[in-house]
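Novice: Sharing a structure here in structure tokens format.
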Amino acid sequence: MRIVGNLLQHAPMGVLLALLAGFAFPDREPASLQHEIPPELTLVKETEHALFYVRDTDEDVSQMVDILSSYFEEHYPRITQMLKFSPPEKTTIFIYTDKNQFREMIGRDTEGTYDAGDRRIKVYTPSDLSDPDVKKEYTFQLVHEFVHAVIQQMNPVIGYIKWLDEGTAYFVANQLQDEIRSQRRFQAPIPSLEQLEQSHVYFEKAGGEAYYFSGLIVQFVYEKFGADAFNEFLRDPLAVESILGIPLSRLYDAWKEYVMDLHGKSR
Ligand SMILES: [Zn+2]
């Protein structure tokens, strides 16, 4: 599975289609999900749809957990209705307030992740969210990871198509709309179709820009083709041409025009 995953992440769309045709994704064994909660994590709060565990710390985390949990519950109905899918179980969330501890546990330099292997959201969040910008960043992050949790449980294939996975998380978490308002990516180069087809490489090179443009593709599909087509597309992304009724190259051209209009540039 790991080898197939790596192949898929680096394959251009044509190769990806060929690879995925006839490849049956194995269902994960339910037993593998019955991981124990590590002893250094404590259940701090249970809400209607989530369990919030915090890595043991001397800091007061109650306010931070209240902020994250109420934001999560506030956005839960919107996200599950938009994606027409609710996870069958409560979402388990591990929160670390020490960035180094978090990175050590994850094994790479990141602040948040959804782990499809154990279906857990793992995030670093500072215990003090009193600064409005800090609060926005980490509430956005939690909901972003929750969107990954929803779409990867709905269709595990999405986890192998980086731009679709990240673009959907960025768009549905409202991070894209926030960034559009800021206009700070309006001068950034629009990626070519070839770059998007190698989206893993594009993400490594472009960083935040890649999230922005991938989010814009997802927003474009949602706005121009409607919520139903968007949901069909998420459930069978390889059938994009028949679902949207337009070849990939024309879809790309139409999207590029849409982005140039948004950025206020003449064609
Ligand atoms: Zn993400």
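Scheme for the structure tokens: letters A, B, ... for chains in order shown; per-chain residue numbers from 1; ligand numbers from 1 in order shown.
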Please give me, as number ranges by chain, the residues lying within 8 Å of ligand 1 when counting only C-alpha atoms and all ligand atoms.
Specialist: A: 112-114, 144-145, 148, 165-166, 169-170
Novice: Restricted to N, CA and C atoms, what would the selected residues look like written as a compact mmCIF listing (two decimals), in the first residue's frame?
Specialist:
# COMPACT_ATOMS: atom_id res chain seq x y z
N GLY A 112 -0.09 20.14 11.66
CA GLY A 112 -1.35 19.42 11.74
C GLY A 112 -1.44 18.36 10.68
N THR A 113 -2.16 17.29 10.99
CA THR A 113 -2.32 16.23 10.00
C THR A 113 -3.55 15.40 10.32
N TYR A 114 -4.14 14.82 9.28
CA TYR A 114 -5.14 13.78 9.48
C TYR A 114 -4.49 12.47 9.10
N HIS A 144 -9.72 22.42 8.81
CA HIS A 144 -9.04 21.94 7.61
C HIS A 144 -8.75 20.44 7.74
N GLU A 145 -8.20 20.04 8.88
CA GLU A 145 -7.89 18.62 9.08
C GLU A 145 -9.19 17.80 9.14
N HIS A 148 -10.24 16.95 5.66
CA HIS A 148 -9.48 15.77 5.20
C HIS A 148 -10.10 14.49 5.76
N ASP A 165 -7.21 16.83 -2.59
CA ASP A 165 -7.28 16.65 -1.15
C ASP A 165 -7.08 18.00 -0.44
N GLU A 166 -5.97 18.67 -0.78
CA GLU A 166 -5.65 19.95 -0.12
C GLU A 166 -6.58 21.07 -0.58
N ALA A 169 -9.86 20.72 1.23
CA ALA A 169 -9.71 21.11 2.63
C ALA A 169 -9.61 22.63 2.76
N TYR A 170 -8.85 23.25 1.87
CA TYR A 170 -8.62 24.70 1.92
C TYR A 170 -9.90 25.48 1.61
Novice: What lies within 10 Å of Lys90 in chain A using only C-alpha atoms, ignoring chain neighbours under 2 positions off, as a list of chain:residue names?
Specialist: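 With the cut-off at 10 Å, the set is A:Glu46, A:Thr47, A:Glu48, A:His49, A:Ala50, A:Leu51, A:Ser86, A:Pro87, A:Pro88, A:Thr92, A:Ile93.
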Novice: Each residue of range 119-193 of chain A lying at most 8 Å from range 56-66 of chain A should get a row with its shortest atom-to-atom pair and the distance in Å to one decimal, counting only C-alpha atoms; could you produce that, ordered by chain and increasing number, as a Markdown table?
Specialist:
| residue | atom | partner | partner_atom | distance |
| --- | --- | --- | --- | --- |
| A:Pro126 | CA | A:Met64 | CA | 7.9 |
| A:Ser127 | CA | A:Val61 | CA | 5.3 |
| A:Asp128 | CA | A:Met64 | CA | 6.5 |
| A:Leu129 | CA | A:Met64 | CA | 6.1 |
Novice: As a PyMOL selection string, please: the residues near range 171-174 of chain A (cut-off 10 Å, only C-alpha atoms, same-chain neighbours under 5 positions excluded).
Specialist: chain A and resi 75+78-79+82-83+139-148+166+179+211-212+214-219+222
Novice: Residues of range 57-234 of chain A classed as helix (DSSP H, G or I) by DSSP on the backbone are to be reported as a ChimeraX atom specification.
Specialist: /A:62-82,99-106,132-154,156-160,162-172,175-182,193-197,199-206,208-234
Novice: May I have the residues from that selection written out with C-alpha atoms, as a JSON list (two decimals), in the first residue's frame?
Specialist:
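result_24.json written:
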[["chain", "number", "residue", "atom", "x", "y", "z"],
["A", 62, "SER", "CA", -9.23, 24.71, 29.06],
["A", 63, "GLN", "CA", -9.84, 27.97, 27.18],
["A", 64, "MET", "CA", -8.02, 26.74, 24.09],
["A", 65, "VAL", "CA", -10.00, 23.49, 24.06],
["A", 66, "ASP", "CA", -13.26, 25.42, 24.52],
["A", 67, "ILE", "CA", -12.41, 27.64, 21.56],
["A", 68, "LEU", "CA", -11.42, 24.73, 19.29],
["A", 69, "SER", "CA", -14.35, 22.52, 20.27],
["A", 70, "SER", "CA", -17.01, 25.19, 19.85],
["A", 71, "TYR", "CA", -15.56, 26.20, 16.47],
["A", 72, "PHE", "CA", -15.51, 22.54, 15.43],
["A", 73, "GLU", "CA", -19.15, 21.98, 16.43],
["A", 74, "GLU", "CA", -20.19, 25.27, 14.83],
["A", 75, "HIS", "CA", -18.77, 24.18, 11.46],
["A", 76, "TYR", "CA", -19.60, 20.47, 11.67],
["A", 77, "PRO", "CA", -23.13, 20.73, 10.17],
["A", 78, "ARG", "CA", -21.99, 23.04, 7.38],
["A", 79, "ILE", "CA", -19.10, 20.78, 6.36],
["A", 80, "THR", "CA", -20.96, 17.46, 6.55],
["A", 81, "GLN", "CA", -23.92, 18.89, 4.64],
["A", 82, "MET", "CA", -21.70, 20.43, 1.98],
["A", 99, "LYS", "CA", 5.62, 22.30, 18.91],
["A", 100, "ASN", "CA", 8.80, 20.26, 19.33],
["A", 101, "GLN", "CA", 6.95, 17.40, 20.98],
["A", 102, "PHE", "CA", 4.45, 17.46, 18.17],
["A", 103, "ARG", "CA", 7.09, 17.37, 15.44],
["A", 104, "GLU", "CA", 8.90, 14.56, 17.20],
["A", 105, "MET", "CA", 5.69, 12.54, 17.40],
["A", 106, "ILE", "CA", 4.77, 13.14, 13.74],
["A", 132, "PRO", "CA", -7.22, 36.98, 17.14],
["A", 133, "ASP", "CA", -4.80, 36.07, 14.32],
["A", 134, "VAL", "CA", -3.43, 33.10, 16.25],
["A", 135, "LYS", "CA", -6.95, 32.00, 17.09],
["A", 136, "LYS", "CA", -7.97, 32.22, 13.42],
["A", 137, "GLU", "CA", -4.94, 30.23, 12.26],
["A", 138, "TYR", "CA", -5.50, 27.30, 14.62],
["A", 139, "THR", "CA", -9.29, 27.12, 14.39],
["A", 140, "PHE", "CA", -8.88, 27.11, 10.59],
["A", 141, "GLN", "CA", -6.27, 24.38, 10.94],
["A", 142, "LEU", "CA", -8.52, 22.08, 12.97],
["A", 143, "VAL", "CA", -11.42, 22.42, 10.56],
["A", 144, "HIS", "CA", -9.04, 21.94, 7.61],
["A", 145, "GLU", "CA", -7.89, 18.62, 9.08],
["A", 146, "PHE", "CA", -11.52, 17.66, 9.72],
["A", 147, "VAL", "CA", -12.34, 18.19, 6.03],
["A", 148, "HIS", "CA", -9.48, 15.77, 5.20],
["A", 149, "ALA", "CA", -11.02, 13.33, 7.70],
["A", 150, "VAL", "CA", -14.43, 13.56, 6.02],
["A", 151, "ILE", "CA", -13.32, 13.28, 2.39],
["A", 152, "GLN", "CA", -10.71, 10.55, 3.00],
["A", 153, "GLN", "CA", -13.25, 8.43, 4.88],
["A", 154, "MET", "CA", -15.80, 9.09, 2.14],
["A", 156, "PRO", "CA", -9.75, 7.08, 0.27],
["A", 157, "VAL", "CA", -8.59, 7.71, -3.34],
["A", 158, "ILE", "CA", -8.73, 11.46, -2.63],
["A", 159, "GLY", "CA", -5.79, 11.03, -0.24],
["A", 160, "TYR", "CA", -3.62, 10.19, -3.26],
["A", 162, "LYS", "CA", -2.78, 16.00, -3.52],
["A", 163, "TRP", "CA", -4.33, 19.04, -5.21],
["A", 164, "LEU", "CA", -7.86, 17.68, -4.76],
["A", 165, "ASP", "CA", -7.28, 16.65, -1.15],
["A", 166, "GLU", "CA", -5.65, 19.95, -0.12],
["A", 167, "GLY", "CA", -7.78, 22.12, -2.41],
["A", 168, "THR", "CA", -10.99, 20.72, -0.94],
["A", 169, "ALA", "CA", -9.71, 21.11, 2.63],
["A", 170, "TYR", "CA", -8.62, 24.70, 1.92],
["A", 171, "PHE", "CA", -11.89, 25.64, 0.22],
["A", 172, "VAL", "CA", -14.34, 23.92, 2.58],
["A", 175, "GLN", "CA", -9.27, 29.44, 4.28],
["A", 176, "LEU", "CA", -9.42, 30.12, 0.56],
["A", 177, "GLN", "CA", -12.09, 32.81, 0.93],
["A", 178, "ASP", "CA", -9.99, 34.46, 3.65],
["A", 179, "GLU", "CA", -6.95, 34.47, 1.39],
["A", 180, "ILE", "CA", -8.91, 35.84, -1.58],
["A", 181, "ARG", "CA", -10.05, 38.73, 0.63],
["A", 182, "SER", "CA", -6.42, 39.47, 1.52],
["A", 193, "LEU", "CA", -1.85, 21.99, -16.28],
["A", 194, "GLU", "CA", 1.41, 20.01, -16.26],
["A", 195, "GLN", "CA", 2.31, 21.37, -12.82],
["A", 196, "LEU", "CA", -1.13, 20.44, -11.47],
["A", 197, "GLU", "CA", -0.83, 16.95, -12.91],
["A", 199, "SER", "CA", 0.75, 18.13, -7.89],
["A", 200, "HIS", "CA", 3.04, 16.53, -5.32],
["A", 201, "VAL", "CA", 6.08, 18.18, -6.90],
["A", 202, "TYR", "CA", 4.16, 21.46, -7.31],
["A", 203, "PHE", "CA", 3.22, 21.47, -3.61],
["A", 204, "GLU", "CA", 6.82, 20.84, -2.55],
["A", 205, "LYS", "CA", 8.03, 23.76, -4.63],
["A", 206, "ALA", "CA", 5.18, 26.27, -4.30],
["A", 208, "GLY", "CA", 1.22, 28.04, 0.37],
["A", 209, "GLU", "CA", 0.59, 29.12, -3.22],
["A", 210, "ALA", "CA", -0.24, 25.50, -4.12],
["A", 211, "TYR", "CA", -2.97, 25.41, -1.46],
["A", 212, "TYR", "CA", -4.42, 28.65, -2.79],
["A", 213, "PHE", "CA", -4.58, 27.60, -6.45],
["A", 214, "SER", "CA", -5.80, 24.08, -5.63],
["A", 215, "GLY", "CA", -8.53, 25.65, -3.50],
["A", 216, "LEU", "CA", -9.45, 27.87, -6.46],
["A", 217, "ILE", "CA", -9.93, 24.81, -8.69],
["A", 218, "VAL", "CA", -12.27, 23.27, -6.14],
["A", 219, "GLN", "CA", -14.16, 26.55, -5.71],
["A", 220, "PHE", "CA", -14.45, 26.86, -9.49],
["A", 221, "VAL", "CA", -15.94, 23.36, -9.80],
["A", 222, "TYR", "CA", -18.34, 24.03, -6.92],
["A", 223, "GLU", "CA", -19.49, 27.43, -8.21],
["A", 224, "LYS", "CA", -19.68, 26.70, -11.93],
["A", 225, "PHE", "CA", -20.93, 23.09, -11.93],
["A", 226, "GLY", "CA", -22.91, 23.05, -8.68],
["A", 227, "ALA", "CA", -22.89, 21.18, -5.38],
["A", 228, "ASP", "CA", -24.17, 17.91, -6.88],
["A", 229, "ALA", "CA", -21.51, 17.71, -9.59],
["A", 230, "PHE", "CA", -18.87, 18.66, -7.01],
["A", 231, "ASN", "CA", -19.96, 15.80, -4.78],
["A", 232, "GLU", "CA", -20.07, 13.32, -7.66],
["A", 233, "PHE", "CA", -16.58, 14.44, -8.62],
["A", 234, "LEU", "CA", -15.27, 13.83, -5.06]]
Novice: Can you work out the spacing between CA of Phe85 in chain A and CA of Asp115 in chain A in Å, to one decimal?
Specialist: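 Going from CA of Phe85 in chain A over to CA of Asp115 in chain A covers 18.2 Å.
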